[in-house]
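*Asks:* Structure provided below as structure tokens; questions to follow.
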Amino acid sequence: MIVAYAILLVGIGTVVFHFVSPWWWTPIASNWGFIDDVIIITFWVTGVVFVAVVLFMAYCVYRFRYKEGQRAEYNPESKKLEIWLSVLTSVGVAIMLAPGLWAWDEFVTVPEGTAEFEVLGQQWSWMYRFPGKDGKLGKSSTKLIDDDNPFGLDPKDPNGQDDVLIEDSELHLPLNKPVKVLLRSVDVLHDFYVPELRAKMDMVPGAVTYLWFEPIRVGTFDILCFELCGTGHYDMRGSLVIEEADAFNEWFEAQSTFAETLARISPEGEIEHKIAANAAENSF
Amino acid sequence: MAIVDSPVVQDIPAAEVPDPNEDLYHAKSWVTKYLFCQDAKVIAIQYSCTALGIGLLGLVLSWVMRLQLGFPEVFSFIEPAHYYQFITMHGMIMVIYLLTALFLGGFGNYLIPLMLGARDMVFPYVNMLSYWVYLLAVLVLIASFFVPGGPTGAGWTLYPPQAILSGTPGSDGGIILMLVSLSLFIVGFTMGGLNYVVTVLQARTRGMTLMRMPLTIWGIFTATVHALLAFPALFVGAIMMTLDRLLETSFFMPVISEMGEILSYEGGSPLLFQHLFWFFGHPEVYIVALPAFGIVSDLLSVHARRHVFGYRMMVWAIVIIGALSFIVWAHHMYVSGMNPWFGFFFATTTLIIAVPTALKVYNWTLTLWRANIRLTLPMLFGLAFIITFVNGGITGLFLGNVAIDVPLSDTLFVVAHFHMVMGIAPILVVFGAIYHWYPLMTGRMLDEGLGKFHFWVTFLGSYIIYLPMHYLGFIGVPRRYFEMGETTFIPESAQDLNAFMTIVTLIVGFAQLVFLYNLITSRKNGVEAGPNPWKATSLEWQTAKTPPEHGNFGKTLPVVYRWAYAYGLPNAAQDFVPQNLPPELVATHVGNQVPDTDGES
Amino acid sequence: MSESTPGAIMRPDGVEGVIADWSSDQRAFKKVPWGKAMMWIFLLSDTFIFGCFLLSYMTVRMSTTVPWPPVSDIFALSLGGEPIPLILIAIMTFVLITSSGTMVLAVNYGYRRDRAKTVLYLIITAIFGATFVGMQAFEWTKLIMDGVRPWGNPFGAAQFGSSFFMITGFHGFHVSVGVLFLILIARKVWKGEFDNETRGFFTSQKGRYEIVETLGLYWHFVDLVWVFIFAFFYLW
Amino acid sequence: MTEAHVEGQQHPLGVYIKVWAWLFVLSAFSYMVDYYDVQGYLRWTLILIFMILKAGLIIAIFMHMAWERLALVYAVGVPVLAVLVFTFLMTHEADYTFDTRGTFFVESAP
């Protein structure tokens with residue numbers, strides 16, 4: 001008896017907790033609201049199964065509890081019932097899977113013409129790189145990384161000259177403009193995640209991964225590393241400021257380009273000279 | 001030709017192999033009888049004790065971690081590096097050294113020969129070696145706590161490059177010992193696993209067809225096949241990572257700039273390790289789950305006094321789940337940066353697995369329908385398993401469905417999910433199984449009062465730890481964080497919840513100590529069980545002596561006439577008919593055991 | 001079927017036989033002794049190990065942007081002035097195949113209870129196996145002299161050396177273990193332990209000639225793996 | 001197992017010798033592929049064909065698979081499919097990695 005009530009309590013308690021829980025996802029700040037919707041669909045489908053199973057169990061435990069001399073029903077299987085259950089389950093699974101796959105298709109297919117920028121992860125900080133006026137990011141190599149070239153950009157690549165480098169963990173993005181984030185790591189696995197954006201992806205050294213989203217809400221959000229990356233993992237934080245285009249442009253203009261950083265490093269103008277020569281060579 | 005015998009077919013085929021174990025070698029000295037013993041039952045107990053011992057260490061580690069999470073900045077002795085070492089060792093110990101070893105090495109060794117009517121495993125010597133290599137693996141694992149730099153803190157997934165670089169605690173000796181220990185475990189396990197598989201396939205008694213085997217054996221058998229085919233991937237990964245660490249080969253290591261210094265690695269693929277790891281890692285989930293599925297089916301059936309509903313479906317479900325689990329591995333890697341189209345493939349295969357799994361759940365509950373349910377301890381644990389497993393399985397549908405996994409992966413939702421589904425649920429079955437078979441192993445019952453206390457605290461406690469944890473995951477609280485510090489998105493109340501979970505963890509942990517106490521004291525003080533105290537039908541309860549001796553059965557092996565679930569047979573004299581009761585006695589025989597099992601009495 | 005098998009049942013063949021065998025009692029693999037069944041399943045597990053080694057090698061080779069070294073030239077050997085590509089590997093292949101041939105003879109004579117010939121062929125097989133390992137050692141030495149190391153080499157992608165030493169090393173280890181067991185079993189056959197079913201010193205299990213076949217399976221498997229290594233590593 | 005002697009595999013020596021010879025020939029062929037420096041798809045096809053033939057002969061005759069009951073053949077053969085699926089997927093993974101490297105990284109250090 002107590003056991004049946006306990007099972008009932010656990011079942012009902014779970015559902016009640018679901019509805020009264022103060023812990024729920026953060027208000028969304030990107031275009032990925034559909035993912036939240038799929039979660040809700042999944043909750044409904046699976047919730048019904050959970051409640052049905054638990055209630056059925058509680059009933060059985062109550063109704064068919066042990067009585068001396070009583071004999072259980074001998075009825076090893078019922079094809080009809082099992083086929084019905086298989087079909088129903090398959091339908092339920094399809095209801096969850098279809099929107100899931102659709103959402104994934106959206107997630108991995110970046111719309112044509114989406115602006116790109118790069119996030120660079122390393123133990124245990126974030127840096128960012130935007131393409132300059134040419135809209136193209138220059139090629140890089142981890143081997144080129146040193147104190148003067150923390151991004152490991154190729155000085156010979158003309159596309160990289162006007163890249164805007166942000167050696168700071170604060171990132172700004174303009175509102176309502178879709179962006180493709182190229183993710184690069186120079187040492188170990190990291191993961192770029194802003195809970196309000198719902199989109200995350202690992203950064204794999206020796207490869208470049210990506211995700212895309214469209215910011216739809218102004219605000220300042222936490223950037224967290226979501227893939228264990230060593231002792232300082234929990235401390236690898238950044239912040240994302242989503243703001244109106246004007247404010248963003250103002251911030252963006254104040255940042256320096258790769259060419260400028262290189263020039264700053266060599267006041268003799270040696271490298272600058274070399275760059276100019278390179279650029280001239282490639283400009284035709 | 002029918003694939004399955006109908007459940008109660010009474011005829012038995014003629015013998016093809018006359019008692020293949022007739023020349024079983026009996027040990028003569030104390031050392032070979034109890035220490036270097038070749039008897040599967042003794043090996044089982046050695047395995048179980050070692051697994052429970054190392055599991056206790058895993059439990060203690062979880063307390064320390066919870067203290068840090070519940071009360072950050074209170075316990076100054078827990079540093080970030082320690083925290084990461086604790087989570088790594090906790091995960092590895094629980095998954096591999098406790099659950100895998102206990103289900104297969106422990107229950108597998110004990111039950112396979114007994115339930116199949118065999119005298120022992122087919123190669124007792126190799127079986128014995130299996131245990132000693134396992135013990136060596138455990139010792140190497142423990143040794144890693146004492147090397148400079150301590151054990152590895154790379155997370156139980158051991159992802160390179162992080163696992164072998166200096167930014168991770170234990171990257172000196174710890175990671176090497178971890179990899180060596182895993183390799184040893186695999187070698188040792190393979191020795192045992194070959195025994196389990198061949199015994200099931202080749203050493204059954206007369207009349208014991210595959211479709212008459214108890215589901216326990218089906219679960220353990222399929223899981224062992226899994227282990228034999230999945231562990232190789234981990235083995236290869238471990239060898240390659242050891243080479244990367246010691247010889248600076250570049251299998252998993254691309255060019256790396258570590259803290260401003262360019263390392264000598266070049267061109268390797270970190271994702272390769274993840275694929276190898278999860279090609280092992282996903283079947284590993286089923287290595288733990290399938291024996292639990294099988295055992296719980298038997299617990300429910302015996303104590304509900306009713307046959308398992310839809311036995312054939314249950315068997316096929318185990319086999320199909322087993323086969324599919326080799327092509328779902330990358331659902332652990334949706335956000336790993338792998339080839340994006342893999343997402344479609346793996347999400348589909350993963351959700352297909354939900355169908356046979358759900359059918360198993362239905363059949364467990366349908367077993368209770370019109371049954372005669374005895375609320376014994378094994379039954380309670382069985383019921384609790386269903387609830388926790390359904391809950392954990394359902395959250396698996398969130399994580400398996402590729403797009404939903406994107407926001408949820410690497411949050412506490414994942415932690416809650418896998419603890420529910422492959423931590424708590426299988427452990428509940430382990431407890432149920434111990435309460436169920438302890439009388440067979442020792443001849444005495446475990447104390448019922450202590451058992452009830454243990455059950456309620458463990459079940460309800462762990463449920464209220466992990467249920468709310470999912471919701472922290474929805475907020476976006478990451479796993480593997482030493483402390484959250486300042487954030488803009490986590491409410492204050494989340495910390496209160498964390499503190500609450502920590503307190504409950506400690507209470508649940510205490511209950512496990514009560515269980516251990518029960519386990520030890522009942523050995524001497526428990527009520528005498530007598531033969532077949534649960535009135536079960538399967539062969540392990542039909543031995544001449546309880547506990548069974550070396551050779552398991554008497555002079556002749558039992559002959560099986562029916563499936564293991566002949567409960568409530570309408571025309572039988574009592575509500576259960578042992579598998580080896582000759583058909584002509586079904587209507588008249590009363591008693592816990594079949595007489596004349598050994599032709600002696 | 002011999003009369004010594006009590007109650008032997010005629011079984012259907014083909015796919016029907018699969019179903020009949022799997023749904024029968026006592027054993028799923030009819031006429032297969034325990035040791036052989038165990039060896040087959042071990043080999044299946046080992047197949048997964050070598051499979052994983054080879055696919056890891058494939059993955060790193062396909063994903064690195066550094067060109068793969070010219071394998072055939074690296075393994076060339078000068079015989080009489082002209083370097084002949086892969087000649088050593090070819091000889092090694094022939095040696096291993098020959099050993100497989102002698103092994104199969106040993107198994108055959110074992111079942112005929114021809115003690116002397118069984119021992120003879122087991123020993124020949126062991127000698128071929130040892131020769132193979134010796135040539136492999138020579139090959140390793142040559143490569144190391146050429147500057148190939150597990151962590152890098154002067155010819156191209158670093159993964160060439162790492163995969164080479166790892167895969168051939170693991171295979172060579174298998175061959176060496178096989179040689180040890182060949183010698184061990186040859187000794188047992190010579191002492192007649194399989195004729196009078198003496199119990200093993202460690203295992204306390206009775207010795208039987210089927211052990212030679214079980215060992216044969218292992219030895220052929222080692223040969224089989226080499227077929228794949230030869231194709232995928234040396235020729236590809 | 002008293003009946004062990006009837007359970008063994010006994011076959012005439014001739015078939016072994018023939019297979020042995022074939023293995024030599026096939027090995028020689030696959031060596032010739034390299035010796036005559038055949039390149040491209042033809043090379044890979046030939047290598048695979050010879051490899052599969054050799055492997056088939058070893059498994060079927062030397063390892064007696066041809067004479068075993070299908071129950072054993074399937075039990076050993078079917079699981080190997082898992083490795084093939086794994087390999088197939090890894091070719092795509094490796095290609096993908098290679099492509100991103102080519103797109104975003106410069107080849108070598110200065």
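We label chains A, B, ... in the order they appear in the structure tokens, count residues from 1 in each chain, and number ligands from 1 in the order shown.
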Give me the residues within 9 Å of His226 in chain B as a list in words, counting only C-alpha atoms and dropping any in the same chain fewer than 3 places off.
*Replies:* Phe221, Thr222, Ala223, Leu229, Ala230, Phe231, Phe280, Pro283, Glu284, Tyr286, Ile287, Gly322, Ala323, Ser325 and Phe326 of chain B
*Asks:* Let me see the file: selected residues, all heavy atoms, as a CSV table (one decimal), in the first residue's frame.
*Replies:*
```csv
chain,number,residue,atom,x,y,z
B,221,PHE,N,25.1,-11.9,-21.4
B,221,PHE,CA,25.7,-12.4,-22.6
B,221,PHE,C,25.9,-11.3,-23.6
B,221,PHE,O,27.0,-11.1,-24.2
B,221,PHE,CB,24.9,-13.5,-23.1
B,221,PHE,CG,25.3,-14.0,-24.5
B,221,PHE,CD1,26.5,-14.6,-24.7
B,221,PHE,CD2,24.4,-13.8,-25.6
B,221,PHE,CE1,26.8,-15.1,-26.0
B,221,PHE,CE2,24.8,-14.3,-26.8
B,221,PHE,CZ,26.0,-14.9,-27.0
B,222,THR,N,24.8,-10.6,-23.9
B,222,THR,CA,24.9,-9.5,-24.9
B,222,THR,C,25.9,-8.5,-24.5
B,222,THR,O,26.7,-8.0,-25.3
B,222,THR,CB,23.5,-8.9,-25.2
B,222,THR,OG1,22.6,-10.0,-25.2
B,222,THR,CG2,23.5,-8.2,-26.5
B,223,ALA,N,25.9,-8.1,-23.2
B,223,ALA,CA,26.8,-7.1,-22.7
B,223,ALA,C,28.2,-7.6,-22.9
B,223,ALA,O,29.1,-6.8,-23.3
B,223,ALA,CB,26.5,-6.8,-21.3
B,229,LEU,N,33.8,-6.5,-28.2
B,229,LEU,CA,33.9,-5.8,-29.5
B,229,LEU,C,34.2,-4.3,-29.3
B,229,LEU,O,34.6,-3.7,-30.2
B,229,LEU,CB,32.7,-6.1,-30.4
B,229,LEU,CG,32.4,-7.6,-30.6
B,229,LEU,CD1,31.2,-7.7,-31.6
B,229,LEU,CD2,33.6,-8.3,-31.2
B,230,ALA,N,33.8,-3.8,-28.2
B,230,ALA,CA,33.9,-2.3,-28.0
B,230,ALA,C,35.2,-2.0,-27.3
B,230,ALA,O,35.8,-1.0,-27.6
B,230,ALA,CB,32.7,-1.8,-27.2
B,231,PHE,N,35.6,-2.8,-26.3
B,231,PHE,CA,36.9,-2.4,-25.6
B,231,PHE,C,38.1,-2.3,-26.6
B,231,PHE,O,39.0,-1.5,-26.3
B,231,PHE,CB,37.1,-3.5,-24.5
B,231,PHE,CG,36.5,-3.1,-23.2
B,231,PHE,CD1,35.7,-4.0,-22.6
B,231,PHE,CD2,36.7,-1.9,-22.6
B,231,PHE,CE1,35.0,-3.7,-21.4
B,231,PHE,CE2,36.1,-1.6,-21.4
B,231,PHE,CZ,35.3,-2.5,-20.8
B,280,PHE,N,33.8,2.8,-28.3
B,280,PHE,CA,33.7,2.0,-27.1
B,280,PHE,C,32.7,2.5,-26.1
B,280,PHE,O,31.9,1.7,-25.5
B,280,PHE,CB,35.1,2.0,-26.4
B,280,PHE,CG,35.0,2.1,-24.9
B,280,PHE,CD1,34.7,0.9,-24.2
B,280,PHE,CD2,35.2,3.2,-24.1
B,280,PHE,CE1,34.6,0.9,-22.8
B,280,PHE,CE2,35.1,3.2,-22.8
B,280,PHE,CZ,34.8,2.1,-22.1
B,283,PRO,N,28.6,1.6,-26.5
B,283,PRO,CA,28.4,0.2,-26.1
B,283,PRO,C,28.6,0.0,-24.6
B,283,PRO,O,27.9,-0.7,-23.9
B,283,PRO,CB,29.3,-0.6,-26.9
B,283,PRO,CG,29.5,0.2,-28.2
B,283,PRO,CD,29.5,1.6,-27.8
B,284,GLU,N,29.6,0.7,-24.1
B,284,GLU,CA,29.8,0.6,-22.6
B,284,GLU,C,28.6,0.9,-21.8
B,284,GLU,O,28.3,0.3,-20.8
B,284,GLU,CB,31.0,1.6,-22.2
B,284,GLU,CG,31.2,1.8,-20.7
B,284,GLU,CD,31.6,0.5,-20.0
B,284,GLU,OE1,32.3,-0.3,-20.6
B,284,GLU,OE2,31.2,0.4,-18.8
B,286,TYR,N,25.7,0.3,-22.6
B,286,TYR,CA,24.8,-0.9,-22.7
B,286,TYR,C,25.5,-2.1,-22.0
B,286,TYR,O,24.8,-3.0,-21.5
B,286,TYR,CB,24.4,-1.2,-24.1
B,286,TYR,CG,23.4,-0.2,-24.6
B,286,TYR,CD1,23.7,0.8,-25.4
B,286,TYR,CD2,22.1,-0.4,-24.2
B,286,TYR,CE1,22.8,1.7,-25.8
B,286,TYR,CE2,21.1,0.6,-24.5
B,286,TYR,CZ,21.5,1.6,-25.4
B,286,TYR,OH,20.5,2.5,-25.7
B,287,ILE,N,26.8,-2.0,-21.9
B,287,ILE,CA,27.5,-3.1,-21.1
B,287,ILE,C,27.0,-3.0,-19.7
B,287,ILE,O,26.8,-4.0,-19.0
B,287,ILE,CB,29.0,-2.9,-21.2
B,287,ILE,CG1,29.5,-3.2,-22.6
B,287,ILE,CG2,29.7,-3.8,-20.1
B,287,ILE,CD1,30.9,-2.8,-22.8
B,322,GLY,N,21.5,-4.2,-28.7
B,322,GLY,CA,22.9,-4.5,-28.7
B,322,GLY,C,23.5,-4.2,-30.1
B,322,GLY,O,24.5,-3.5,-30.2
B,323,ALA,N,22.8,-4.6,-31.1
B,323,ALA,CA,23.4,-4.4,-32.5
B,323,ALA,C,23.4,-2.9,-32.8
B,323,ALA,O,24.4,-2.4,-33.3
B,323,ALA,CB,22.5,-5.2,-33.5
B,325,SER,N,23.6,-0.4,-30.9
B,325,SER,CA,24.5,0.4,-30.1
B,325,SER,C,25.9,0.6,-30.7
B,325,SER,O,26.6,1.4,-30.2
B,325,SER,CB,24.6,-0.1,-28.7
B,325,SER,OG,25.4,-1.2,-28.6
B,326,PHE,N,26.1,-0.2,-31.8
B,326,PHE,CA,27.4,0.0,-32.4
B,326,PHE,C,27.4,1.1,-33.5
B,326,PHE,O,28.4,1.5,-34.0
B,326,PHE,CB,27.9,-1.3,-33.0
B,326,PHE,CG,28.6,-2.1,-32.1
B,326,PHE,CD1,28.0,-3.2,-31.5
B,326,PHE,CD2,29.9,-1.8,-31.6
B,326,PHE,CE1,28.6,-4.0,-30.6
B,326,PHE,CE2,30.6,-2.6,-30.7
B,326,PHE,CZ,29.9,-3.7,-30.2
```
*Asks:* Counting only C-alpha atoms, a student should be able to say which residues of chain C come within 6 Å of chain D; what is the right answer, written as a PyMOL selection string?
*Replies:* chain C and resi 18+29+31+55+59+62-63+101+217+224
*Asks:* Report the distance between CA of Asn580 in chain B and CA of Ala544 in chain B in Å, rounded to one decimal place.
*Replies:*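 Answer for the CA of Asn580 in chain B to CA of Ala544 in chain B separation: 13.0 Å.
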*Asks:* Select from range 1-163 of chain C everything DSSP, run on the backbone, classes as strand (DSSP E or B), then give the selection as a PDB file with N, CA, C and O atoms, in the first residue's frame.
*Replies:*
```pdb
ATOM      1  N   ASP C  25      19.636 -26.875 -27.969  1.00  0.00           N
ATOM      2  CA  ASP C  25      20.185 -26.795 -26.617  1.00  0.00           C
ATOM      3  C   ASP C  25      21.670 -27.136 -26.643  1.00  0.00           C
ATOM      4  O   ASP C  25      22.254 -27.373 -27.705  1.00  0.00           O
ATOM      5  N   LEU C  77      65.097  -1.873 -51.210  1.00  0.00           N
ATOM      6  CA  LEU C  77      66.345  -2.460 -50.719  1.00  0.00           C
ATOM      7  C   LEU C  77      67.258  -2.661 -51.923  1.00  0.00           C
ATOM      8  O   LEU C  77      66.806  -3.076 -52.985  1.00  0.00           O
ATOM      9  N   SER C  78      68.513  -2.341 -51.757  1.00  0.00           N
ATOM     10  CA  SER C  78      69.438  -2.542 -52.870  1.00  0.00           C
ATOM     11  C   SER C  78      69.946  -3.966 -52.876  1.00  0.00           C
ATOM     12  O   SER C  78      70.624  -4.397 -51.953  1.00  0.00           O
ATOM     13  N   PRO C  83      68.135  -0.406 -56.459  1.00  0.00           N
ATOM     14  CA  PRO C  83      67.152  -0.508 -55.381  1.00  0.00           C
ATOM     15  C   PRO C  83      65.843  -1.105 -55.910  1.00  0.00           C
ATOM     16  O   PRO C  83      65.309  -0.645 -56.914  1.00  0.00           O
ATOM     17  N   ILE C  84      65.395  -2.166 -55.261  1.00  0.00           N
ATOM     18  CA  ILE C  84      64.134  -2.782 -55.675  1.00  0.00           C
ATOM     19  C   ILE C  84      63.073  -2.393 -54.658  1.00  0.00           C
ATOM     20  O   ILE C  84      63.249  -2.655 -53.462  1.00  0.00           O
ATOM     21  N   ARG C 149      61.450   8.107 -37.263  1.00  0.00           N
ATOM     22  CA  ARG C 149      61.190   7.956 -35.836  1.00  0.00           C
ATOM     23  C   ARG C 149      59.677   7.974 -35.618  1.00  0.00           C
ATOM     24  O   ARG C 149      58.938   8.481 -36.472  1.00  0.00           O
ATOM     25  N   GLY C 152      58.547  11.522 -36.001  1.00  0.00           N
ATOM     26  CA  GLY C 152      58.787  12.314 -37.195  1.00  0.00           C
ATOM     27  C   GLY C 152      59.730  11.592 -38.134  1.00  0.00           C
ATOM     28  O   GLY C 152      60.324  10.578 -37.781  1.00  0.00           O
TER      29      GLY C 152
END
```
*Asks:* Hey, list the chain C side of the contact with chain B: 8 Å cut-off, only C-alpha atoms, answer as a ChimeraX atom specification.
*Replies:* /C:5-9,16,19-20,22-29,34,37-38,41-42,44-46,48-49,52-53,56,59-60,63-66,150-152,157-159,162,202-205
*Asks:* Could you give me, as a VMD selection string, each residue of range 169-201 of chain B that DSSP assigns to alpha helix (DSSP H) when run on this structure's backbone?
*Replies:* chain B and resid 174 to 201
*Asks:* Calculated over only C-alpha atoms, which of the candidates B:Leu324, B:Leu397, B:Ala317, B:Leu69 has the smallest distance to Leu81 in chain D?
*Replies:* B:Leu324
*Asks:* From the options A:Ile12, A:Ala29, A:Ala103, A:Met127, which residue's atoms come nearest to chain B, counting only C-alpha atoms?
*Replies:* A:Ala103
*Asks:* Calculate how many Å separate CA of Leu428 in chain B from CA of Gln70 in chain A, rounding to one decimal.
*Replies:*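 Rounded to one decimal, the two atoms are 28.3 Å apart.
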*Asks:* CA of Thr543 in chain B and CA of Gly530 in chain B, how far apart in Å?
*Replies:* 11.5 Å
*Asks:* Restricting the calculation to only C-alpha atoms, which member of C:Lys191, C:Thr214, C:Tyr121, C:His220 is positioned closest to Ala60 in chain D?
*Replies:*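 Ranked by minimum distance to Ala60 in chain D, first place goes to C:His220.
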*Asks:* Output as a list of chain:residue names the set of chain A residues within 10 Å of chain D, with distances taken over only C-alpha atoms.
*Replies:* A:Leu137, A:Gly138, A:Lys139, A:Ser140, A:Ser141, A:Thr142, A:Lys143, A:Leu144, A:Ile145, A:Gly152, A:Leu153, A:Asp154, A:Pro155, A:Lys156, A:Asp157, A:Leu182, A:Arg184, A:Gly206, A:Ala207, A:Val208, A:Thr209
*Asks:* For the selection just defined, write its residues with N, CA, C and O atoms to a file, as a compact mmCIF listing (two decimals), in the first residue's frame.
*Replies:*
```txt
# COMPACT_ATOMS: atom_id res chain seq x y z
N LEU A 137 38.65 36.74 -43.87
CA LEU A 137 39.63 36.49 -42.81
C LEU A 137 40.88 35.91 -43.44
O LEU A 137 40.81 35.09 -44.36
N GLY A 138 42.03 36.34 -42.96
CA GLY A 138 43.28 35.80 -43.48
C GLY A 138 43.53 34.40 -42.93
O GLY A 138 42.97 34.00 -41.92
N LYS A 139 44.38 33.64 -43.63
CA LYS A 139 44.71 32.31 -43.17
C LYS A 139 45.64 32.39 -41.95
O LYS A 139 46.32 33.39 -41.74
N SER A 140 45.67 31.29 -41.20
CA SER A 140 46.46 31.31 -39.97
C SER A 140 47.20 30.00 -39.83
O SER A 140 46.97 29.05 -40.56
N SER A 141 48.08 29.97 -38.88
CA SER A 141 48.74 28.73 -38.51
C SER A 141 49.18 28.83 -37.07
O SER A 141 49.75 29.84 -36.65
N THR A 142 48.91 27.77 -36.32
CA THR A 142 49.29 27.80 -34.91
C THR A 142 50.81 27.94 -34.78
O THR A 142 51.31 28.48 -33.81
N LYS A 143 51.53 27.46 -35.80
CA LYS A 143 52.98 27.54 -35.73
C LYS A 143 53.51 28.97 -35.75
O LYS A 143 54.64 29.23 -35.36
N LEU A 144 52.69 29.90 -36.27
CA LEU A 144 53.15 31.28 -36.40
C LEU A 144 52.92 32.08 -35.12
O LEU A 144 53.24 33.26 -35.07
N ILE A 145 52.34 31.42 -34.14
CA ILE A 145 51.98 32.17 -32.94
C ILE A 145 53.22 32.55 -32.14
O ILE A 145 54.09 31.72 -31.87
N GLY A 152 48.54 34.03 -34.72
CA GLY A 152 49.22 33.16 -35.67
C GLY A 152 48.79 33.43 -37.10
O GLY A 152 48.64 32.52 -37.90
N LEU A 153 48.58 34.72 -37.43
CA LEU A 153 48.15 35.03 -38.80
C LEU A 153 49.34 35.01 -39.74
O LEU A 153 50.48 35.24 -39.34
N ASP A 154 49.02 34.73 -40.98
CA ASP A 154 50.05 34.69 -42.00
C ASP A 154 50.32 36.10 -42.49
O ASP A 154 49.46 36.70 -43.13
N PRO A 155 51.50 36.65 -42.23
CA PRO A 155 51.76 38.04 -42.66
C PRO A 155 51.75 38.17 -44.18
O PRO A 155 51.60 39.27 -44.71
N LYS A 156 51.89 37.04 -44.87
CA LYS A 156 51.94 37.12 -46.34
C LYS A 156 50.56 37.10 -46.97
O LYS A 156 50.42 37.31 -48.16
N ASP A 157 49.55 36.79 -46.17
CA ASP A 157 48.21 36.68 -46.74
C ASP A 157 47.55 38.06 -46.76
O ASP A 157 47.29 38.64 -45.71
N LEU A 182 33.44 31.39 -36.64
CA LEU A 182 34.46 30.36 -36.89
C LEU A 182 35.23 30.14 -35.61
O LEU A 182 35.68 31.10 -34.98
N ARG A 184 38.25 28.48 -33.41
CA ARG A 184 39.61 27.94 -33.57
C ARG A 184 40.25 27.86 -32.19
O ARG A 184 40.04 28.73 -31.35
N GLY A 206 43.74 22.25 -34.54
CA GLY A 206 44.04 21.56 -35.79
C GLY A 206 42.85 21.49 -36.71
O GLY A 206 42.87 20.75 -37.69
N ALA A 207 41.78 22.23 -36.42
CA ALA A 207 40.62 22.27 -37.30
C ALA A 207 39.86 23.56 -36.98
O ALA A 207 40.13 24.22 -35.99
N VAL A 208 38.95 23.90 -37.85
CA VAL A 208 38.10 25.07 -37.59
C VAL A 208 36.66 24.62 -37.63
O VAL A 208 36.22 23.98 -38.58
N THR A 209 35.93 24.89 -36.57
CA THR A 209 34.52 24.52 -36.51
C THR A 209 33.69 25.80 -36.59
O THR A 209 34.25 26.89 -36.56
```
*Asks:* Which residues come within 9 Å of Asp168 in chain A, counting only C-alpha atoms, excluding same-chain residues fewer than 6 positions away, as a compact mmCIF listing (two decimals) with all heavy atoms, in the first residue's frame?
*Replies:*
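In the end it all went to out00.txt:
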```txt
# COMPACT_ATOMS: atom_id res chain seq x y z
N SER A 125 41.59 31.75 -22.00
CA SER A 125 41.05 33.07 -22.34
C SER A 125 40.50 33.06 -23.76
O SER A 125 40.73 32.12 -24.53
CB SER A 125 42.15 34.13 -22.23
OG SER A 125 43.18 33.84 -23.14
N TRP A 126 39.78 34.10 -24.08
CA TRP A 126 39.16 34.23 -25.40
C TRP A 126 39.76 35.41 -26.14
O TRP A 126 40.08 36.42 -25.55
CB TRP A 126 37.66 34.48 -25.26
CG TRP A 126 36.91 33.45 -24.52
CD1 TRP A 126 36.54 33.51 -23.22
CD2 TRP A 126 36.41 32.21 -25.01
NE1 TRP A 126 35.85 32.39 -22.86
CE2 TRP A 126 35.75 31.56 -23.94
CE3 TRP A 126 36.47 31.56 -26.25
CZ2 TRP A 126 35.15 30.33 -24.07
CZ3 TRP A 126 35.86 30.34 -26.38
CH2 TRP A 126 35.21 29.72 -25.30
N MET A 127 39.87 35.30 -27.45
CA MET A 127 40.21 36.44 -28.30
C MET A 127 39.32 36.34 -29.54
O MET A 127 38.78 35.29 -29.85
CB MET A 127 41.68 36.39 -28.70
CG MET A 127 42.62 36.53 -27.51
SD MET A 127 44.31 36.90 -27.99
CE MET A 127 44.77 35.43 -28.84
N TYR A 128 39.21 37.47 -30.24
CA TYR A 128 38.29 37.50 -31.38
C TYR A 128 38.95 38.18 -32.57
O TYR A 128 39.83 39.02 -32.41
CB TYR A 128 37.00 38.23 -31.00
CG TYR A 128 36.47 37.79 -29.67
CD1 TYR A 128 36.75 38.51 -28.51
CD2 TYR A 128 35.72 36.61 -29.56
CE1 TYR A 128 36.29 38.07 -27.27
CE2 TYR A 128 35.26 36.17 -28.34
CZ TYR A 128 35.55 36.91 -27.19
OH TYR A 128 35.11 36.47 -25.96
N GLY A 238 34.21 35.05 -20.78
CA GLY A 238 34.26 36.26 -21.58
C GLY A 238 32.91 36.91 -21.48
O GLY A 238 32.02 36.41 -20.78
```
